[in-house]
Amino acid sequence: MTALSQFNPLAPETVACPYPFYKAMREEAPVHQVPALGFFIVSRYEDAREVLGDAERFSSNSGPGVNGVLDPPDAELLAIQAEGWPAVNTLLTNDPPDHARYRGLVNKAFTPRRVAAMESSIRAIAAELLARFAGRGHAEIVSEFAVPLPLTVIADALGVSRGDLPTFKKWSDDSVAPLGGFLTRERQLACARSVVEFQKYFAARLDERRRHPQDDILTDLVNARLDGEKPLDTAEMLSILQQLLVAGNETTTNLIASGTMLLLQHPDQLSRVLADRSLIPGLVEEALRVESPVQGLFRMARIDTEVGGVRVPAGARLVVMYASANRDETVFPDAERFDVCREARGHLAFGYGTHFCLGSPLARMEAAVAFETLLDGTKNLRLAPGKNDLAHVPSFILRGLRQLHVEFDPV
Ligand code: HEM
């Protein structure tokens, strides 16, 4: 039995494979209060949906991640942040009714038309990345494919030039890093500096769009009117842009990498998909379910309440563990099994309710194109023997492979 009293979300064995812990929680303590850290983990599917679906009782404005090192922030951090624009609650950390005003605006900037129009360029980017290693017979999928694909797609969508991609990647990483683990003070300060650089860069781009509108997301934000009249201010627009980075980049990278890993670890499933490309959407959903890129996210109880029979006091923080809910046997029979043909769409990998992932159509399309491109452009794709430790980035919120070495016969 997995000793829950010993459970530490950031211990190396948890990062390596958290799933036995989640299973133990679902079976022994579905709403488990983590010793020392104090927050509750909601591990069952129905309880997760109850929390996500009830913004009256559970707020998304739940304070900092698991970090807390600079909480309350120190003087140097405040000085760095003062050079930029203040953080505003717009999407992820906002609650109804205010959240709906922003979400409505951003939905307009992320219309199905705009996402559909991105498909051909996503295919072109994926093909270009593949061409760089196709003749070589081997590749490191994370850095050569899964990172640059979503990064280039969102950079293009936001009008960032290809030459600025490495800087853009750094900003993306540094925006995400404070979410998931314990960072040193120096690293937190560096992340704050990156956020300010990001803000200055995009504030200038937004000014350009005010002068010279284009058919793009930045121009949509500049033209957006809250409640039909008030334009978004720069801090609000920067908050939204930063969330597109935080929420959209590393998550999609991790989906592409883990989906490839799962497929190569399960030759029977690989054969099925090779024989029938119409299974690719099923592969995308199953990879999201089995290796959820966002393992869980925080909420805060607004009132004294109860979840799954456990008393949760007002002010307590909860992590809704999507990754555990997605392996709940009562919803997904034989849940630990990876099966591209199963009905996985009810998974919670994109959340549920008010904050349901804005970018899910884009992420699904990028992952499907990535898998199709890889399978069509290689022959006998396989894990490179002896090269893969399958280590994951140390985070308790995001799950991502560090590297994935593959081999193949060039076509
Ligand atoms: C596999 C890839 C992705 C995964 C697993 C994922 C996961 C999630 C999850 C779980 C949430 C809900 C957060 C909550 O309940 O508090 C969310 C929200 C969000 N996602 Fe995604 N996401 C992905 C890709 C994207 C992409 C590509 C974008 C945009 C370019 C994006 C933008 C957003 C935004 C803006 C929100 C906040 C929505 C709101 O608060 O109303 N995501 N995502």
# chains A, B, ... in the order shown; residues from 1 in each chain; ligands from 1
$ closest_atom_pairs --of "stretch 110-190 of chain A" --to "stretch 392-403 of chain A" --cutoff "12 Å" --atoms "only C-alpha atoms" --output "JSON lines"
{"residue": "A:Ala139", "atom": "CA", "partner": "A:Gln403", "partner_atom": "CA", "distance": 10.1}
{"residue": "A:Glu140", "atom": "CA", "partner": "A:Gln403", "partner_atom": "CA", "distance": 6.5}
{"residue": "A:Ile141", "atom": "CA", "partner": "A:Gln403", "partner_atom": "CA", "distance": 6.9}
{"residue": "A:Val142", "atom": "CA", "partner": "A:Gln403", "partner_atom": "CA", "distance": 5.4}
{"residue": "A:Ser143", "atom": "CA", "partner": "A:Gln403", "partner_atom": "CA", "distance": 7.3}
{"residue": "A:Glu144", "atom": "CA", "partner": "A:Gln403", "partner_atom": "CA", "distance": 9.8}
{"residue": "A:Phe145", "atom": "CA", "partner": "A:Gln403", "partner_atom": "CA", "distance": 10.8}
{"residue": "A:Ala146", "atom": "CA", "partner": "A:Gln403", "partner_atom": "CA", "distance": 9.9}
{"residue": "A:Val147", "atom": "CA", "partner": "A:Gln403", "partner_atom": "CA", "distance": 10.5}
{"residue": "A:Asp173", "atom": "CA", "partner": "A:Val393", "partner_atom": "CA", "distance": 11.8}
{"residue": "A:Val176", "atom": "CA", "partner": "A:Leu398", "partner_atom": "CA", "distance": 9.0}
{"residue": "A:Ala177", "atom": "CA", "partner": "A:Ser395", "partner_atom": "CA", "distance": 8.5}
{"residue": "A:Pro178", "atom": "CA", "partner": "A:Ser395", "partner_atom": "CA", "distance": 9.7}
{"residue": "A:Leu179", "atom": "CA", "partner": "A:Ile397", "partner_atom": "CA", "distance": 7.0}
{"residue": "A:Gly180", "atom": "CA", "partner": "A:Ser395", "partner_atom": "CA", "distance": 4.7}
{"residue": "A:Gly181", "atom": "CA", "partner": "A:Ser395", "partner_atom": "CA", "distance": 5.1}
{"residue": "A:Phe182", "atom": "CA", "partner": "A:Ser395", "partner_atom": "CA", "distance": 8.5}
{"residue": "A:Leu183", "atom": "CA", "partner": "A:Ser395", "partner_atom": "CA", "distance": 10.4}
$ residues_around --residues "stretch 47-64 of chain A" --least-positions-apart "5" --cutoff "8 Å" --atoms "only C-alpha atoms" --output "count of residues only"
26
$ closest_residue --among "A:Val284, A:Leu244, A:Ala134, A:Ala224" --to "A:Val153" --atoms "only C-alpha atoms"
A:Leu244
$ residues_near_ligand --ligand "ligand 1" --cutoff "6 Å" --atoms "only C-alpha atoms and all ligand atoms" --output "list in words"
Leu91, Leu92, Arg103, Gln243, Leu244, Ala247, Gly248, Thr251, Thr252, Leu255, Pro293, Val294, Ala349, Phe350, Gly351, His355, Phe356, Cys357, Leu358, Gly359, Ser360, Leu362 and Ala363 of chain A
$ closest_residue --among "A:Cys341, A:Val34, A:Leu238, A:Leu274" --to "A:Lys379" --atoms "only C-alpha atoms"
A:Leu274
$ residues_around --residues "A:Pro86" --least-positions-apart "6" --cutoff "9 Å" --atoms "only C-alpha atoms" --output "ChimeraX atom specification"
/A:235-236,239
$ write_last_selection --atoms "C-alpha atoms" --output "JSON list (two decimals), in the first residue's frame"
[["chain", "number", "residue", "atom", "x", "y", "z"],
["A", 235, "ALA", "CA", -2.17, 45.64, -17.78],
["A", 236, "GLU", "CA", -5.31, 43.66, -18.62],
["A", 239, "SER", "CA", -2.31, 39.55, -18.28]]
$ select_by_dssp --residues "stretch 152-317 of chain A" --states "alpha helix (DSSP H)" --output "number ranges by chain"
A: 152-157, 165-180, 185-211, 217-223, 234-265, 267-275, 280-290
$ residues_around --residues "stretch 329-333 of chain A" --least-positions-apart "6" --cutoff "12 Å" --atoms "only C-alpha atoms" --output "ChimeraX atom specification"
/A:22-23,26-27,43-46,286,289-290,339,342-348
$ write_last_selection --atoms "N, CA and C atoms" --output "PDB file, in the first residue's frame"
ATOM      1  N   TYR A  22      -2.071   8.734  -6.441  1.00  0.00           N
ATOM      2  CA  TYR A  22      -3.437   9.163  -6.762  1.00  0.00           C
ATOM      3  C   TYR A  22      -4.419   8.011  -6.514  1.00  0.00           C
ATOM      4  N   LYS A  23      -4.009   6.823  -6.923  1.00  0.00           N
ATOM      5  CA  LYS A  23      -4.882   5.652  -6.766  1.00  0.00           C
ATOM      6  C   LYS A  23      -5.158   5.418  -5.275  1.00  0.00           C
ATOM      7  N   ARG A  26      -7.653   7.983  -4.114  1.00  0.00           N
ATOM      8  CA  ARG A  26      -9.027   7.696  -4.547  1.00  0.00           C
ATOM      9  C   ARG A  26      -9.643   6.600  -3.690  1.00  0.00           C
ATOM     10  N   GLU A  27      -8.782   5.616  -3.307  1.00  0.00           N
ATOM     11  CA  GLU A  27      -9.317   4.479  -2.573  1.00  0.00           C
ATOM     12  C   GLU A  27      -9.407   4.725  -1.073  1.00  0.00           C
ATOM     13  N   SER A  43      -9.220  13.933  -5.470  1.00  0.00           N
ATOM     14  CA  SER A  43      -8.670  12.930  -6.385  1.00  0.00           C
ATOM     15  C   SER A  43      -9.705  12.178  -7.210  1.00  0.00           C
ATOM     16  N   ARG A  44     -10.999  12.235  -6.800  1.00  0.00           N
ATOM     17  CA  ARG A  44     -11.999  11.464  -7.554  1.00  0.00           C
ATOM     18  C   ARG A  44     -12.690  12.346  -8.579  1.00  0.00           C
ATOM     19  N   TYR A  45     -13.145  11.690  -9.644  1.00  0.00           N
ATOM     20  CA  TYR A  45     -13.752  12.400 -10.782  1.00  0.00           C
ATOM     21  C   TYR A  45     -14.953  13.241 -10.371  1.00  0.00           C
ATOM     22  N   GLU A  46     -15.903  12.628  -9.665  1.00  0.00           N
ATOM     23  CA  GLU A  46     -17.136  13.362  -9.337  1.00  0.00           C
ATOM     24  C   GLU A  46     -16.846  14.527  -8.403  1.00  0.00           C
ATOM     25  N   GLU A 286      -6.746  10.164 -25.454  1.00  0.00           N
ATOM     26  CA  GLU A 286      -6.245   9.162 -24.505  1.00  0.00           C
ATOM     27  C   GLU A 286      -4.919   9.612 -23.885  1.00  0.00           C
ATOM     28  N   ARG A 289      -5.743  12.014 -21.252  1.00  0.00           N
ATOM     29  CA  ARG A 289      -6.296  11.352 -20.064  1.00  0.00           C
ATOM     30  C   ARG A 289      -5.202  10.675 -19.242  1.00  0.00           C
ATOM     31  N   VAL A 290      -4.340   9.908 -19.929  1.00  0.00           N
ATOM     32  CA  VAL A 290      -3.380   9.061 -19.220  1.00  0.00           C
ATOM     33  C   VAL A 290      -2.188   9.862 -18.679  1.00  0.00           C
ATOM     34  N   ASP A 339      -5.459   3.082 -24.245  1.00  0.00           N
ATOM     35  CA  ASP A 339      -6.242   2.470 -25.316  1.00  0.00           C
ATOM     36  C   ASP A 339      -6.789   3.579 -26.220  1.00  0.00           C
ATOM     37  N   ARG A 342     -10.633   3.886 -26.782  1.00  0.00           N
ATOM     38  CA  ARG A 342     -11.640   4.057 -25.725  1.00  0.00           C
ATOM     39  C   ARG A 342     -12.345   5.415 -25.847  1.00  0.00           C
ATOM     40  N   GLU A 343     -13.475   5.532 -25.169  1.00  0.00           N
ATOM     41  CA  GLU A 343     -14.198   6.807 -25.152  1.00  0.00           C
ATOM     42  C   GLU A 343     -13.598   7.651 -24.014  1.00  0.00           C
ATOM     43  N   ALA A 344     -12.636   8.479 -24.354  1.00  0.00           N
ATOM     44  CA  ALA A 344     -11.905   9.212 -23.301  1.00  0.00           C
ATOM     45  C   ALA A 344     -12.336  10.661 -23.195  1.00  0.00           C
ATOM     46  N   ARG A 345     -13.235  11.097 -24.058  1.00  0.00           N
ATOM     47  CA  ARG A 345     -13.516  12.537 -24.169  1.00  0.00           C
ATOM     48  C   ARG A 345     -14.028  13.198 -22.898  1.00  0.00           C
ATOM     49  N   GLY A 346     -14.601  12.399 -21.995  1.00  0.00           N
ATOM     50  CA  GLY A 346     -15.097  13.009 -20.749  1.00  0.00           C
ATOM     51  C   GLY A 346     -13.991  13.365 -19.772  1.00  0.00           C
ATOM     52  N   HIS A 347     -12.734  13.191 -20.177  1.00  0.00           N
ATOM     53  CA  HIS A 347     -11.625  13.477 -19.250  1.00  0.00           C
ATOM     54  C   HIS A 347     -11.617  14.952 -18.836  1.00  0.00           C
ATOM     55  N   LEU A 348     -10.892  15.218 -17.762  1.00  0.00           N
ATOM     56  CA  LEU A 348     -10.855  16.594 -17.234  1.00  0.00           C
ATOM     57  C   LEU A 348      -9.524  17.282 -17.534  1.00  0.00           C
TER      58      LEU A 348
END
$ closest_residue --among "A:Leu158, A:Cys17, A:Val196, A:Leu105" --to "A:Leu77" --atoms "only C-alpha atoms"
A:Val196
$ select_by_dssp --residues "stretch 90-322 of chain A" --states "strand (DSSP E)" --output "list in words"
His138, Ala139, Glu140, Arg225, Leu226, Lys230, Pro231, Leu297, Phe298, Arg299, Met300, Ala301, Thr305, Glu306, Val307, Val310, Arg311, Val312, Arg317, Leu318, Val319 and Val320 of chain A
$ write_last_selection --atoms "C-alpha atoms" --output "JSON list (two decimals), in the first residue's frame"
[["chain", "number", "residue", "atom", "x", "y", "z"],
["A", 138, "HIS", "CA", 17.08, 9.62, -34.94],
["A", 139, "ALA", "CA", 15.79, 12.63, -33.01],
["A", 140, "GLU", "CA", 15.21, 14.04, -29.56],
["A", 225, "ARG", "CA", -14.54, 46.61, -25.44],
["A", 226, "LEU", "CA", -15.50, 45.44, -21.95],
["A", 230, "LYS", "CA", -14.51, 50.32, -21.96],
["A", 231, "PRO", "CA", -11.32, 49.26, -23.80],
["A", 297, "LEU", "CA", -4.76, 23.24, -10.26],
["A", 298, "PHE", "CA", -5.61, 25.20, -7.14],
["A", 299, "ARG", "CA", -8.91, 26.47, -5.83],
["A", 300, "MET", "CA", -9.71, 28.16, -2.52],
["A", 301, "ALA", "CA", -12.79, 27.43, -0.40],
["A", 305, "THR", "CA", -17.88, 23.46, 3.28],
["A", 306, "GLU", "CA", -17.56, 19.76, 2.57],
["A", 307, "VAL", "CA", -16.19, 17.82, -0.39],
["A", 310, "VAL", "CA", -14.47, 15.83, 4.21],
["A", 311, "ARG", "CA", -14.80, 19.16, 5.99],
["A", 312, "VAL", "CA", -12.94, 21.93, 4.18],
["A", 317, "ARG", "CA", -6.69, 25.58, -0.59],
["A", 318, "LEU", "CA", -7.49, 22.55, -2.68],
["A", 319, "VAL", "CA", -5.72, 21.04, -5.66],
["A", 320, "VAL", "CA", -8.20, 19.54, -8.07]]
$ residues_around --residues "stretch 109-119 of chain A" --least-positions-apart "4" --cutoff "12 Å" --atoms "only C-alpha atoms" --output "VMD selection string"
chain A and resid 102 to 105 123 to 126 150 152 to 154 156 to 158 215 to 225 237 240 to 241 244 357 to 370
$ write_last_selection --atoms "N, CA and C atoms" --output "short mmCIF file (atom, residue, chain, number, x, y, z; two decimals), in the first residue's frame"
data_model
loop_
_atom_site.label_atom_id
_atom_site.label_comp_id
_atom_site.auth_asym_id
_atom_site.auth_seq_id
_atom_site.Cartn_x
_atom_site.Cartn_y
_atom_site.Cartn_z
N TYR A 102 -14.06 39.06 -19.32
CA TYR A 102 -12.79 38.87 -20.03
C TYR A 102 -12.87 37.66 -20.96
N ARG A 103 -13.47 36.59 -20.44
CA ARG A 103 -13.52 35.36 -21.22
C ARG A 103 -14.27 35.59 -22.53
N GLY A 104 -15.36 36.37 -22.44
CA GLY A 104 -16.14 36.67 -23.64
C GLY A 104 -15.28 37.37 -24.68
N LEU A 105 -14.46 38.30 -24.21
CA LEU A 105 -13.60 39.04 -25.14
C LEU A 105 -12.55 38.14 -25.78
N ARG A 123 0.58 22.74 -40.02
CA ARG A 123 1.12 21.63 -40.81
C ARG A 123 2.48 21.99 -41.41
N ALA A 124 2.57 23.23 -41.88
CA ALA A 124 3.84 23.65 -42.50
C ALA A 124 4.96 23.70 -41.45
N ILE A 125 4.64 24.20 -40.27
CA ILE A 125 5.68 24.28 -39.21
C ILE A 125 6.10 22.86 -38.81
N ALA A 126 5.13 21.97 -38.64
CA ALA A 126 5.45 20.59 -38.24
C ALA A 126 6.32 19.91 -39.31
N PRO A 150 4.44 24.14 -30.75
CA PRO A 150 3.48 25.09 -30.15
C PRO A 150 4.07 26.48 -29.94
N THR A 152 6.22 28.08 -31.87
CA THR A 152 6.17 28.82 -33.13
C THR A 152 4.73 29.19 -33.48
N VAL A 153 3.80 28.26 -33.22
CA VAL A 153 2.40 28.53 -33.54
C VAL A 153 1.89 29.74 -32.76
N ILE A 154 2.14 29.77 -31.46
CA ILE A 154 1.59 30.88 -30.67
C ILE A 154 2.38 32.17 -30.94
N ASP A 156 3.68 32.99 -33.82
CA ASP A 156 3.12 33.49 -35.08
C ASP A 156 1.78 34.17 -34.83
N ALA A 157 0.94 33.52 -34.00
CA ALA A 157 -0.40 34.06 -33.74
C ALA A 157 -0.31 35.42 -33.05
N LEU A 158 0.73 35.61 -32.27
CA LEU A 158 0.87 36.88 -31.55
C LEU A 158 1.80 37.85 -32.29
N ASP A 215 -5.10 41.84 -38.95
CA ASP A 215 -6.07 40.81 -38.65
C ASP A 215 -5.40 39.79 -37.73
N ASP A 216 -5.24 40.15 -36.46
CA ASP A 216 -4.58 39.22 -35.53
C ASP A 216 -5.09 39.40 -34.10
N ILE A 217 -4.59 38.53 -33.22
CA ILE A 217 -5.11 38.50 -31.84
C ILE A 217 -4.79 39.81 -31.10
N LEU A 218 -3.58 40.34 -31.31
CA LEU A 218 -3.22 41.58 -30.61
C LEU A 218 -4.19 42.71 -30.99
N THR A 219 -4.50 42.80 -32.28
CA THR A 219 -5.43 43.85 -32.71
C THR A 219 -6.82 43.62 -32.11
N ASP A 220 -7.23 42.34 -32.04
CA ASP A 220 -8.53 42.04 -31.42
C ASP A 220 -8.55 42.52 -29.97
N LEU A 221 -7.45 42.31 -29.26
CA LEU A 221 -7.41 42.74 -27.86
C LEU A 221 -7.49 44.26 -27.75
N VAL A 222 -6.75 44.94 -28.64
CA VAL A 222 -6.74 46.41 -28.63
C VAL A 222 -8.15 46.95 -28.92
N ASN A 223 -8.85 46.26 -29.83
CA ASN A 223 -10.19 46.74 -30.22
C ASN A 223 -11.30 46.25 -29.30
N ALA A 224 -10.97 45.31 -28.40
CA ALA A 224 -12.02 44.72 -27.55
C ALA A 224 -12.59 45.78 -26.61
N ARG A 225 -13.89 45.67 -26.35
CA ARG A 225 -14.54 46.61 -25.44
C ARG A 225 -15.25 45.85 -24.34
N MET A 237 -4.51 43.58 -20.90
CA MET A 237 -4.11 42.88 -22.13
C MET A 237 -2.86 42.04 -21.89
N ILE A 240 -3.72 38.83 -20.12
CA ILE A 240 -4.30 37.83 -21.03
C ILE A 240 -3.21 37.20 -21.90
N LEU A 241 -2.33 38.03 -22.43
CA LEU A 241 -1.26 37.50 -23.29
C LEU A 241 -0.35 36.56 -22.51
N LEU A 244 -1.87 33.20 -22.22
CA LEU A 244 -1.80 32.38 -23.43
C LEU A 244 -0.47 31.63 -23.45
N CYS A 357 -10.59 24.99 -20.72
CA CYS A 357 -9.48 25.51 -21.53
C CYS A 357 -9.93 26.24 -22.80
N LEU A 358 -9.53 27.48 -22.86
CA LEU A 358 -9.82 28.31 -24.01
C LEU A 358 -9.11 27.80 -25.26
N GLY A 359 -7.92 27.21 -25.06
CA GLY A 359 -7.10 26.82 -26.21
C GLY A 359 -7.27 25.37 -26.60
N SER A 360 -8.29 24.67 -26.06
CA SER A 360 -8.38 23.23 -26.33
C SER A 360 -8.51 22.90 -27.82
N PRO A 361 -9.28 23.65 -28.62
CA PRO A 361 -9.32 23.30 -30.05
C PRO A 361 -7.94 23.43 -30.71
N LEU A 362 -7.22 24.46 -30.31
CA LEU A 362 -5.88 24.66 -30.88
C LEU A 362 -4.94 23.54 -30.43
N ALA A 363 -4.97 23.22 -29.13
CA ALA A 363 -4.07 22.17 -28.61
C ALA A 363 -4.37 20.84 -29.28
N ARG A 364 -5.67 20.53 -29.43
CA ARG A 364 -6.05 19.26 -30.07
C ARG A 364 -5.55 19.23 -31.51
N MET A 365 -5.70 20.34 -32.20
CA MET A 365 -5.27 20.37 -33.59
C MET A 365 -3.74 20.22 -33.69
N GLU A 366 -3.02 20.95 -32.84
CA GLU A 366 -1.55 20.87 -32.89
C GLU A 366 -1.07 19.45 -32.61
N ALA A 367 -1.67 18.81 -31.61
CA ALA A 367 -1.21 17.46 -31.26
C ALA A 367 -1.54 16.48 -32.38
N ALA A 368 -2.74 16.59 -32.96
CA ALA A 368 -3.12 15.68 -34.04
C ALA A 368 -2.18 15.85 -35.23
N VAL A 369 -1.89 17.10 -35.57
CA VAL A 369 -0.98 17.36 -36.69
C VAL A 369 0.42 16.81 -36.36
N ALA A 370 0.85 17.00 -35.12
CA ALA A 370 2.18 16.52 -34.72
C ALA A 370 2.27 15.00 -34.89
#
$ atom_distance --atom1 "atom CA of A:Gly282" --atom2 "atom CA of A:Ile41"
28.4 Å
$ decode --residues "stretch 305-400 of chain A" --atoms "C-alpha atoms" --output "mmCIF file, in the first residue's frame"
data_model
loop_
_atom_site.group_PDB
_atom_site.id
_atom_site.type_symbol
_atom_site.label_atom_id
_atom_site.label_comp_id
_atom_site.auth_asym_id
_atom_site.auth_seq_id
_atom_site.Cartn_x
_atom_site.Cartn_y
_atom_site.Cartn_z
ATOM 1 C CA THR A 305 -17.881 23.464 3.276
ATOM 2 C CA GLU A 306 -17.563 19.762 2.568
ATOM 3 C CA VAL A 307 -16.191 17.822 -0.388
ATOM 4 C CA GLY A 308 -16.450 14.036 -0.648
ATOM 5 C CA GLY A 309 -17.554 13.925 2.988
ATOM 6 C CA VAL A 310 -14.468 15.831 4.207
ATOM 7 C CA ARG A 311 -14.797 19.163 5.994
ATOM 8 C CA VAL A 312 -12.936 21.935 4.177
ATOM 9 C CA PRO A 313 -12.719 25.223 6.089
ATOM 10 C CA ALA A 314 -13.121 28.647 4.482
ATOM 11 C CA GLY A 315 -9.751 29.852 3.188
ATOM 12 C CA ALA A 316 -8.377 26.319 2.707
ATOM 13 C CA ARG A 317 -6.693 25.576 -0.590
ATOM 14 C CA LEU A 318 -7.486 22.545 -2.683
ATOM 15 C CA VAL A 319 -5.721 21.037 -5.664
ATOM 16 C CA VAL A 320 -8.204 19.537 -8.072
ATOM 17 C CA MET A 321 -6.162 16.651 -9.419
ATOM 18 C CA TYR A 322 -7.387 16.258 -12.999
ATOM 19 C CA ALA A 323 -4.775 13.557 -13.607
ATOM 20 C CA SER A 324 -6.231 11.437 -10.829
ATOM 21 C CA ALA A 325 -9.845 12.041 -11.844
ATOM 22 C CA ASN A 326 -8.842 10.901 -15.321
ATOM 23 C CA ARG A 327 -7.839 7.505 -13.931
ATOM 24 C CA ASP A 328 -10.964 7.062 -11.825
ATOM 25 C CA GLU A 329 -12.117 3.476 -12.427
ATOM 26 C CA THR A 330 -15.748 4.381 -11.852
ATOM 27 C CA VAL A 331 -15.654 6.536 -14.984
ATOM 28 C CA PHE A 332 -12.887 4.959 -17.088
ATOM 29 C CA PRO A 333 -12.942 1.150 -16.776
ATOM 30 C CA ASP A 334 -9.467 -0.400 -16.712
ATOM 31 C CA ALA A 335 -8.283 3.173 -16.291
ATOM 32 C CA GLU A 336 -4.544 2.469 -16.118
ATOM 33 C CA ARG A 337 -4.626 0.931 -19.592
ATOM 34 C CA PHE A 338 -3.696 3.107 -22.587
ATOM 35 C CA ASP A 339 -6.242 2.470 -25.316
ATOM 36 C CA VAL A 340 -6.580 4.802 -28.289
ATOM 37 C CA CYS A 341 -10.020 3.342 -29.061
ATOM 38 C CA ARG A 342 -11.640 4.057 -25.725
ATOM 39 C CA GLU A 343 -14.198 6.807 -25.152
ATOM 40 C CA ALA A 344 -11.905 9.212 -23.301
ATOM 41 C CA ARG A 345 -13.516 12.537 -24.169
ATOM 42 C CA GLY A 346 -15.097 13.009 -20.749
ATOM 43 C CA HIS A 347 -11.625 13.477 -19.250
ATOM 44 C CA LEU A 348 -10.855 16.594 -17.234
ATOM 45 C CA ALA A 349 -7.433 17.332 -18.760
ATOM 46 C CA PHE A 350 -8.748 20.672 -20.073
ATOM 47 C CA GLY A 351 -10.631 21.361 -16.840
ATOM 48 C CA TYR A 352 -14.362 21.696 -16.516
ATOM 49 C CA GLY A 353 -16.851 24.503 -16.085
ATOM 50 C CA THR A 354 -16.158 28.220 -16.180
ATOM 51 C CA HIS A 355 -12.427 27.967 -16.805
ATOM 52 C CA PHE A 356 -12.575 25.145 -19.356
ATOM 53 C CA CYS A 357 -9.485 25.511 -21.529
ATOM 54 C CA LEU A 358 -9.820 28.313 -24.010
ATOM 55 C CA GLY A 359 -7.101 26.820 -26.207
ATOM 56 C CA SER A 360 -8.383 23.232 -26.327
ATOM 57 C CA PRO A 361 -9.319 23.300 -30.048
ATOM 58 C CA LEU A 362 -5.877 24.664 -30.876
ATOM 59 C CA ALA A 363 -4.072 22.174 -28.612
ATOM 60 C CA ARG A 364 -6.052 19.259 -30.067
ATOM 61 C CA MET A 365 -5.266 20.367 -33.589
ATOM 62 C CA GLU A 366 -1.554 20.869 -32.887
ATOM 63 C CA ALA A 367 -1.214 17.459 -31.258
ATOM 64 C CA ALA A 368 -3.120 15.682 -34.040
ATOM 65 C CA VAL A 369 -0.977 17.357 -36.694
ATOM 66 C CA ALA A 370 2.180 16.522 -34.720
ATOM 67 C CA PHE A 371 1.334 12.803 -34.469
ATOM 68 C CA GLU A 372 0.263 12.610 -38.100
ATOM 69 C CA THR A 373 3.425 14.356 -39.291
ATOM 70 C CA LEU A 374 5.687 12.103 -37.233
ATOM 71 C CA LEU A 375 3.985 8.876 -38.291
ATOM 72 C CA ASP A 376 3.780 9.831 -41.960
ATOM 73 C CA GLY A 377 7.328 11.149 -42.127
ATOM 74 C CA THR A 378 9.133 8.200 -40.522
ATOM 75 C CA LYS A 379 9.177 4.419 -40.882
ATOM 76 C CA ASN A 380 9.536 1.953 -38.041
ATOM 77 C CA LEU A 381 9.467 4.722 -35.411
ATOM 78 C CA ARG A 382 10.719 3.401 -32.054
ATOM 79 C CA LEU A 383 12.227 4.469 -28.730
ATOM 80 C CA ALA A 384 16.011 4.733 -28.979
ATOM 81 C CA PRO A 385 17.367 1.818 -26.932
ATOM 82 C CA GLY A 386 19.476 2.739 -23.906
ATOM 83 C CA LYS A 387 18.989 6.473 -24.300
ATOM 84 C CA ASN A 388 15.738 7.162 -22.442
ATOM 85 C CA ASP A 389 15.438 7.531 -18.686
ATOM 86 C CA LEU A 390 11.959 9.058 -19.214
ATOM 87 C CA ALA A 391 12.625 11.574 -16.415
ATOM 88 C CA HIS A 392 10.048 14.320 -15.907
ATOM 89 C CA VAL A 393 10.424 18.002 -15.135
ATOM 90 C CA PRO A 394 10.176 18.422 -11.340
ATOM 91 C CA SER A 395 6.739 19.962 -10.974
ATOM 92 C CA PHE A 396 3.641 18.873 -9.220
ATOM 93 C CA ILE A 397 1.322 20.929 -11.401
ATOM 94 C CA LEU A 398 2.682 20.291 -14.887
ATOM 95 C CA ARG A 399 3.856 16.900 -16.117
ATOM 96 C CA GLY A 400 6.426 16.935 -18.866
#
